[in-house]
Structures are given as C-alpha cells and as structure tokens.
Amino acid sequence: MDLLNAIFVKPFADMVAAPDFLLQVLWEGLVAGVLYALIALGFVLIYKSSRIFNFAQGIMVVFAALTLIGFHEHGVPALLAVPLTLAVMFILAVAIERVVLRPLVNQPDIILFMATIGITLFLIGFGEIIFGGENKVMITEELLIPTGSYTFEPFGGFVSIEQKDLTAVVGAVVLVVVLLVFLNRSKMGRAIRALGDDHQAALSVGISLSTIWVLVWFIAGVIALATGIVWGARAGVSFALEVIAYKALPVLMLGGLESVSGAIIGGIAIGVLEKLFEIYWGQPLLGGNTETWFAFVLALIVLLFRPQGLFGERIIERV
Amino acid sequence: MQKQGRNEVETGRDDPTRPLRGHPPLKGEGNAAPPILSVNNIEVIYDHVILVLKGVSLTVPQGGITALLGANGAGKTTTLKAISNLLHGERGEVTKGTIVFAGEQVQARSPNELVRRGCIQVMEGRHCFGHLSVEDNLLTGAFTRRDGNAAIRADLDLVYEYFPRLKVRRTSQAGYTSGGEQQMTAIGRALMSRPKMILLDEPSMGLAPQLVEEIFEIVRKLNEEQGVSFLLAEQNTNIALRYAKYGYILESGRIVLDGAAEALRRNEDVKEFYLGVGGEGRKSFRDVKHYKRRKRWLS
Ligand SMILES: Nc1ncnc2c1ncn2[C@@H]1O[C@H](COP(=O)(O)OP(=O)(O)O)[C@@H](O)[C@H]1O
Ligand SMILES: [Mg+2]
C-alpha cells in the first residue's frame, strides 16, 4: 500500500504542492532534452543520407570543443576561434568523405559502421596528441555567454534559471530551426531528404553523393561544436564528454533513425521525462542516479509496442 | 569544350569504333542529323562475373525517339544504366566498348556529370521521392543547374504546362499519388535538369492503357517542342513503335534486329513475337534461331 502510494499518489501530490519546484525540474529537463535532440539530429542527418550509424558523433563533440579551446589557448580571440573551429570541422568532413566514405561506398552498412568506430579511435588518439589528455575549461565568458542567473517567484515560490542554460536552449532552438528551414527550403536540404528517400533515384537526377556527404558530416560537426560549447560550459571538456552522444541512442530508438521531428520531440521528451522520474520517483524510491538508465528502459518499453519508433517515418507501401 | 565535341561527332564517321550495326540513313526519315548518343559494342558485367550485355550497339539521332525493345530480362535497363552510369551503384561495369554522348566519351563519367551534360535517366518503376511533395520532387531535378532560381521557376511552370495534373497535386506527398502521376512526376523531374536526352525506362509499366497513351503523347510533344531526344526502353512494343522513329530489339543481351519503326511494325517476326499478330507465310522457327520461343506478352 505504501509502495503504491509512493508510486502513484505522492509524486503527483508533491508536484501540485510545490509547482515552483516542478517548474525548475521541467526547465532542467528541457535544457538536457534540447541537447539530446541536437545530437540525435546529427545522427539522423547522417543516417538518412548515407545509412551510416555514426558512432563518431560523440568524439566529434569533444574534438570540436577541444579545438575551440586549443585555438583560444594559442591566443586566437574566442569569437575568431569559432569560425576557425568550424573550418577545422569542415576539413574533417572532407577528409572523412575522401578517405573513409568514398572508398567504402557500396560496402555493407556494417563495414561503414565499423569505419566510424575507426574514426572515433583515430580522433581520440589524434586529439590526445594535439590537445593532451587533461580536462579543459570551456571558454564560456570569452564567448560572451552570460553566466549569471535569473530568478522568478511564481506561485509564491522560487525558480532559478541559469543564463548559461537559457543561452543553450535558445542557441539549440535557433540551430534546429535553421536546420529545419535548410532541409525544407534549400536545394541542398531537398537533396539530403531525397537521398534519404531513394538513393538510386537521387543519383539518377544527378545529386552528387560526395557533396551531400561532406555537407551532412559538416552539419554534424557544427552540431558537435554547439553541443560541445554548451555541455562544456556546464561540465568542463574532457574525453569522457564523449558519452553524452550515447544519450542520443534512446532518443533515436524512440524517434526513429530517419525522422527529424522524431529526434527533436524524442530528445526533449527524454530530457524532461528522465528528470521528472529522477526527482519524483528515482530519488525517493530507488536511491537516485536513474538518469543513466531511465531513457534506455523507456525506449525499450516503447519499442516493444512500436518497433519503428514513436515517430518513425511512415513507410509508404504503395508503388 | 562544346566545339571540340562537335568536331568529334563530325569526324566520327570514319571512326573504327563506330557501331557495327547502326543507324543507316533511311529514306525520308530525316536521319542526317549526327547522333546525340552512340553506344558502340558494349559489354556489361555484374558482380565481376555475370555477363549481361554481350556487345550492344545502338545510336540515337539528335532529336530522335528511339525504342529499345525486348522481353523482361533482355538487358534494356542494363543498357540504359550503362549509359547513365547508374550501373556503378549496382556493382555493374562496362568492360568493353564505348559510349559517346554529344560527341564525348562518357563511360567514366558519374551520373552527376552526365546529367550536367544533358543526359538523364527516368528509372523503371518511377522512383519518386515518396516523402517529398510533388513540387519538391520536380525541384530535385534541378540539382545540377547553375542558372539561378528564376530560370528554374520558369521551367517548373513549363513542366506544369505539360503535366497540368502535377500542378493540382503539387503539395501532395509523391508517395501517395497514383502510378500515372508518379510517372509524370518522374518525367517532369528529369525535365527540370534541362536535358538534351532522356533515357526513359518502361514508362508504360503498370499503367492503364489510356494513361500510357497520355504519357507517350507528352513524350512526343516534348520531343517536338523541346527538342529532347529519347531512348525508350519498352516491353510494350506496340505503343513504343508507334511513337518511336527507329527501334532496336534486344534479346539476352544482344541486339537481334533493328530498323525504322515502320519497317519493324511490318516485319513478320516482330509481328509474331513482339506484337502478337501471327503473320501468314512467315518463316519457320528454325530460320529465326535468334528468337526464342516465348509466350506473347502483348496484344
Ligand atoms: N544488379 C544486378 N546484378 C546481377 N544481375 C543483374 C542485375 N541487374 C540485372 N541483372 C540481370 O541482367 C539481366 C538483364 O536485366 P535488365 O537489364 O534489368 O533487363 P530488362 O530491363 O530488359 O528487363 C537479367 O538477367 C537480370 O537478372
Ligand atoms: Mg528493365
């Protein structure tokens, strides 16, 4: 009886009793969720256009963040370091297309997947040689990201929003909107979607695979840099940061590997739900630390009922 | 570039790699124009071992409609893909022979480069981008173009003029449109690349007869009004020979017969094997050993 009460009644009673705290929890969840969504988007774009599950997405986050900090350490002003880092990510995209993807085109998907593991290991090794293995601090202030916090007092309570987090959310939302407009309105975006729909047909109208691949890997690089800055600002930058990419996995399981909207909605949903679960159920009932596994369990449960993921693109059967 | 290309065509007449079987000048057919496409004795192998085309030669005159006929599995699609170089993505390879498009050898060109040069394939089974709207499908056809948005928009309107139905359906997801609309989308999409030549693979497949007629009428109009040359792969010999000026018949990877469409339609063997009309006093099976006995697939 007590247990049922603790599962089904008390959490909700708590939420109602302290709505300001609930708001705080939701906000924290949203911040994490937007970032998951962003990373998942990077996966989805690469998967859609090349059927490659990009294992290297996580290390790209670290690599981008370290490159940015590295430029700054060498005396480059922070605001100039950003475009320089983007240039490095572009060169990386070109190199990956030339050296890894192009020679392996027509190979089975699993070979390409393993190639991205190779890219991961290379970037870890290469990154450690250049940047060293120690933790770095993100150049948050130099990038003009405000570090104060706003406080609100809704319902006579107290909610605090860190400006860093607000910047992260706004930045991520802007990036996502720009990406969506790009995908739906621009010639290249259309080509990416076309390639996702029908590879052969895309080739037949003259869509160039190399161009699109460089483009999606570059977009993944831009996303990696954005994620690296935001996450680095909260937790510092080290090679361990790579694991945040794994947070995108349940998002992909939920949202489907090919769905842009699935990645966005799935990411936000997982961020918010895992936070709610942790605070209202995990900590009182399970001793906390549920955030490491909650998303995976949730995704597995959903997959039991909907194997194509919640938002998996409808497969159009009609020919 | 362009100029040099022309020269090659002009001098191409003495070229030893010219097709053996070819496109002899025909009386009253206006075949004096240099070929826009000539395929010279090509061999195609899939997966390094499966020999599918065993020396195919054909030409398409500038501004012509040429039919490539043959039963299922004869090698029509393979021939078209060899030209557009979509073969590469299917582990197929041209191992012998040459393909000359607009005066330039193109075997080593990617599909992207071919589309740029004005040669585009409309694949068998239409292959629209199912989740893209009809209009987005059409716009993907302009991928290789560099002549700006205004020109592309103008061509979009032109495509809508030829295919008024597509204008009505412009915002629908292509995957949910009818087979005929998808075929129109696929052809319209190819048009958006401003092609000199379209390789059209089985446009009649799975469509009701009057729709097939409608599509072929549009092909004829595009040929006459836009000057687009067509190489038309079809199993539907009857309709293809009504719209084409010249035809090749392909069997098991070899061309077994070619001639002006009129002549082919009158040919007793073609009537017997491809048009399903038994001719009287025709040769016995032993005399036409190239032809395999097979059921009639057309009436
Ligand atoms: N990707 C492929 N790999 C191996 N064999 C193929 C492939 N595509 C087609 N073939 C074979 O090549 C022959 C010709 O096929 P195709 O060109 O599609 O004929 P058609 O278009 O005239 O029906 C068939 O026997 C077919 O089995
Ligand atoms: Mg075919």
# chains A, B, ... in the order shown; residues from 1 in each chain; ligands from 1
call {"tool": "residues_around", "arguments": {"residues": "Arg146 of chain B", "least_positions_apart": "5", "cutoff": "10 Å", "atoms": "only C-alpha atoms", "output": "PyMOL selection string"}}
result
chain B and resi 116+151-152
call {"tool": "residues_around", "arguments": {"residues": "segment 119-133 of chain A", "least_positions_apart": "2", "cutoff": "7 Å", "atoms": "only C-alpha atoms", "output": "number ranges by chain"}}
result
A: 56, 59, 63, 66, 70, 115-117, 135
call {"tool": "interface_residues", "arguments": {"of": "chain B", "to": "chain A", "cutoff": "6 Å", "atoms": "only C-alpha atoms", "output": "MDAnalysis selection string"}}
result
chainID B and resid 111:112 115 127 129 141
call {"tool": "residues_around", "arguments": {"residues": "Ala269 of chain A", "least_positions_apart": "2", "cutoff": "9 Å", "atoms": "only C-alpha atoms", "output": "MDAnalysis selection string"}}
result
chainID A and resid 29:30 33 251 264:267 271:274
call {"tool": "write_last_selection", "arguments": {"atoms": "N, CA, C and O atoms", "output": "CSV table (one decimal), in the first residue's frame"}}
result
chain,number,residue,atom,x,y,z
A,29,GLY,N,15.1,19.6,-17.2
A,29,GLY,CA,14.9,18.6,-18.1
A,29,GLY,C,14.9,19.1,-19.6
A,29,GLY,O,15.5,18.5,-20.5
A,30,LEU,N,14.3,20.2,-19.8
A,30,LEU,CA,14.2,20.8,-21.1
A,30,LEU,C,15.7,21.1,-21.6
A,30,LEU,O,16.0,20.8,-22.8
A,33,GLY,N,17.2,18.0,-22.6
A,33,GLY,CA,16.5,17.5,-23.7
A,33,GLY,C,16.8,18.1,-25.0
A,33,GLY,O,17.0,17.5,-26.1
A,251,VAL,N,17.1,8.3,-27.6
A,251,VAL,CA,16.3,9.3,-28.4
A,251,VAL,C,16.1,8.7,-29.8
A,251,VAL,O,15.0,8.7,-30.4
A,264,ILE,N,13.8,15.5,-32.6
A,264,ILE,CA,13.6,16.8,-31.8
A,264,ILE,C,12.6,16.5,-30.6
A,264,ILE,O,12.9,16.7,-29.5
A,265,ILE,N,11.5,15.9,-31.0
A,265,ILE,CA,10.5,15.6,-30.0
A,265,ILE,C,11.0,14.6,-29.0
A,265,ILE,O,10.9,14.7,-27.8
A,266,GLY,N,11.6,13.5,-29.6
A,266,GLY,CA,12.1,12.5,-28.7
A,266,GLY,C,13.2,13.0,-27.7
A,266,GLY,O,13.2,12.6,-26.6
A,267,GLY,N,14.1,13.8,-28.2
A,267,GLY,CA,15.1,14.4,-27.4
A,267,GLY,C,14.6,15.2,-26.2
A,267,GLY,O,14.9,14.9,-25.1
A,271,GLY,N,14.7,14.1,-22.2
A,271,GLY,CA,15.3,15.0,-21.3
A,271,GLY,C,14.3,15.4,-20.1
A,271,GLY,O,14.7,15.3,-18.9
A,272,VAL,N,13.1,15.7,-20.4
A,272,VAL,CA,12.2,16.1,-19.4
A,272,VAL,C,11.7,14.9,-18.6
A,272,VAL,O,11.7,14.9,-17.3
A,273,LEU,N,11.4,13.8,-19.2
A,273,LEU,CA,10.9,12.6,-18.5
A,273,LEU,C,12.0,12.0,-17.6
A,273,LEU,O,11.7,11.6,-16.4
A,274,GLU,N,13.2,12.0,-18.0
A,274,GLU,CA,14.2,11.4,-17.2
A,274,GLU,C,14.5,12.3,-15.9
A,274,GLU,O,14.7,11.8,-14.8
call {"tool": "residues_around", "arguments": {"residues": "Leu225 of chain A", "least_positions_apart": "5", "cutoff": "10 Å", "atoms": "only C-alpha atoms", "output": "PyMOL selection string"}}
result
chain A and resi 60-68+82+85-86+89+219-220+230-232
call {"tool": "closest_residue", "arguments": {"among": "A:Leu276, A:Leu303, A:Ile244, A:Val216", "to": "Ile96 of chain A", "atoms": "only C-alpha atoms"}}
result
A:Val216
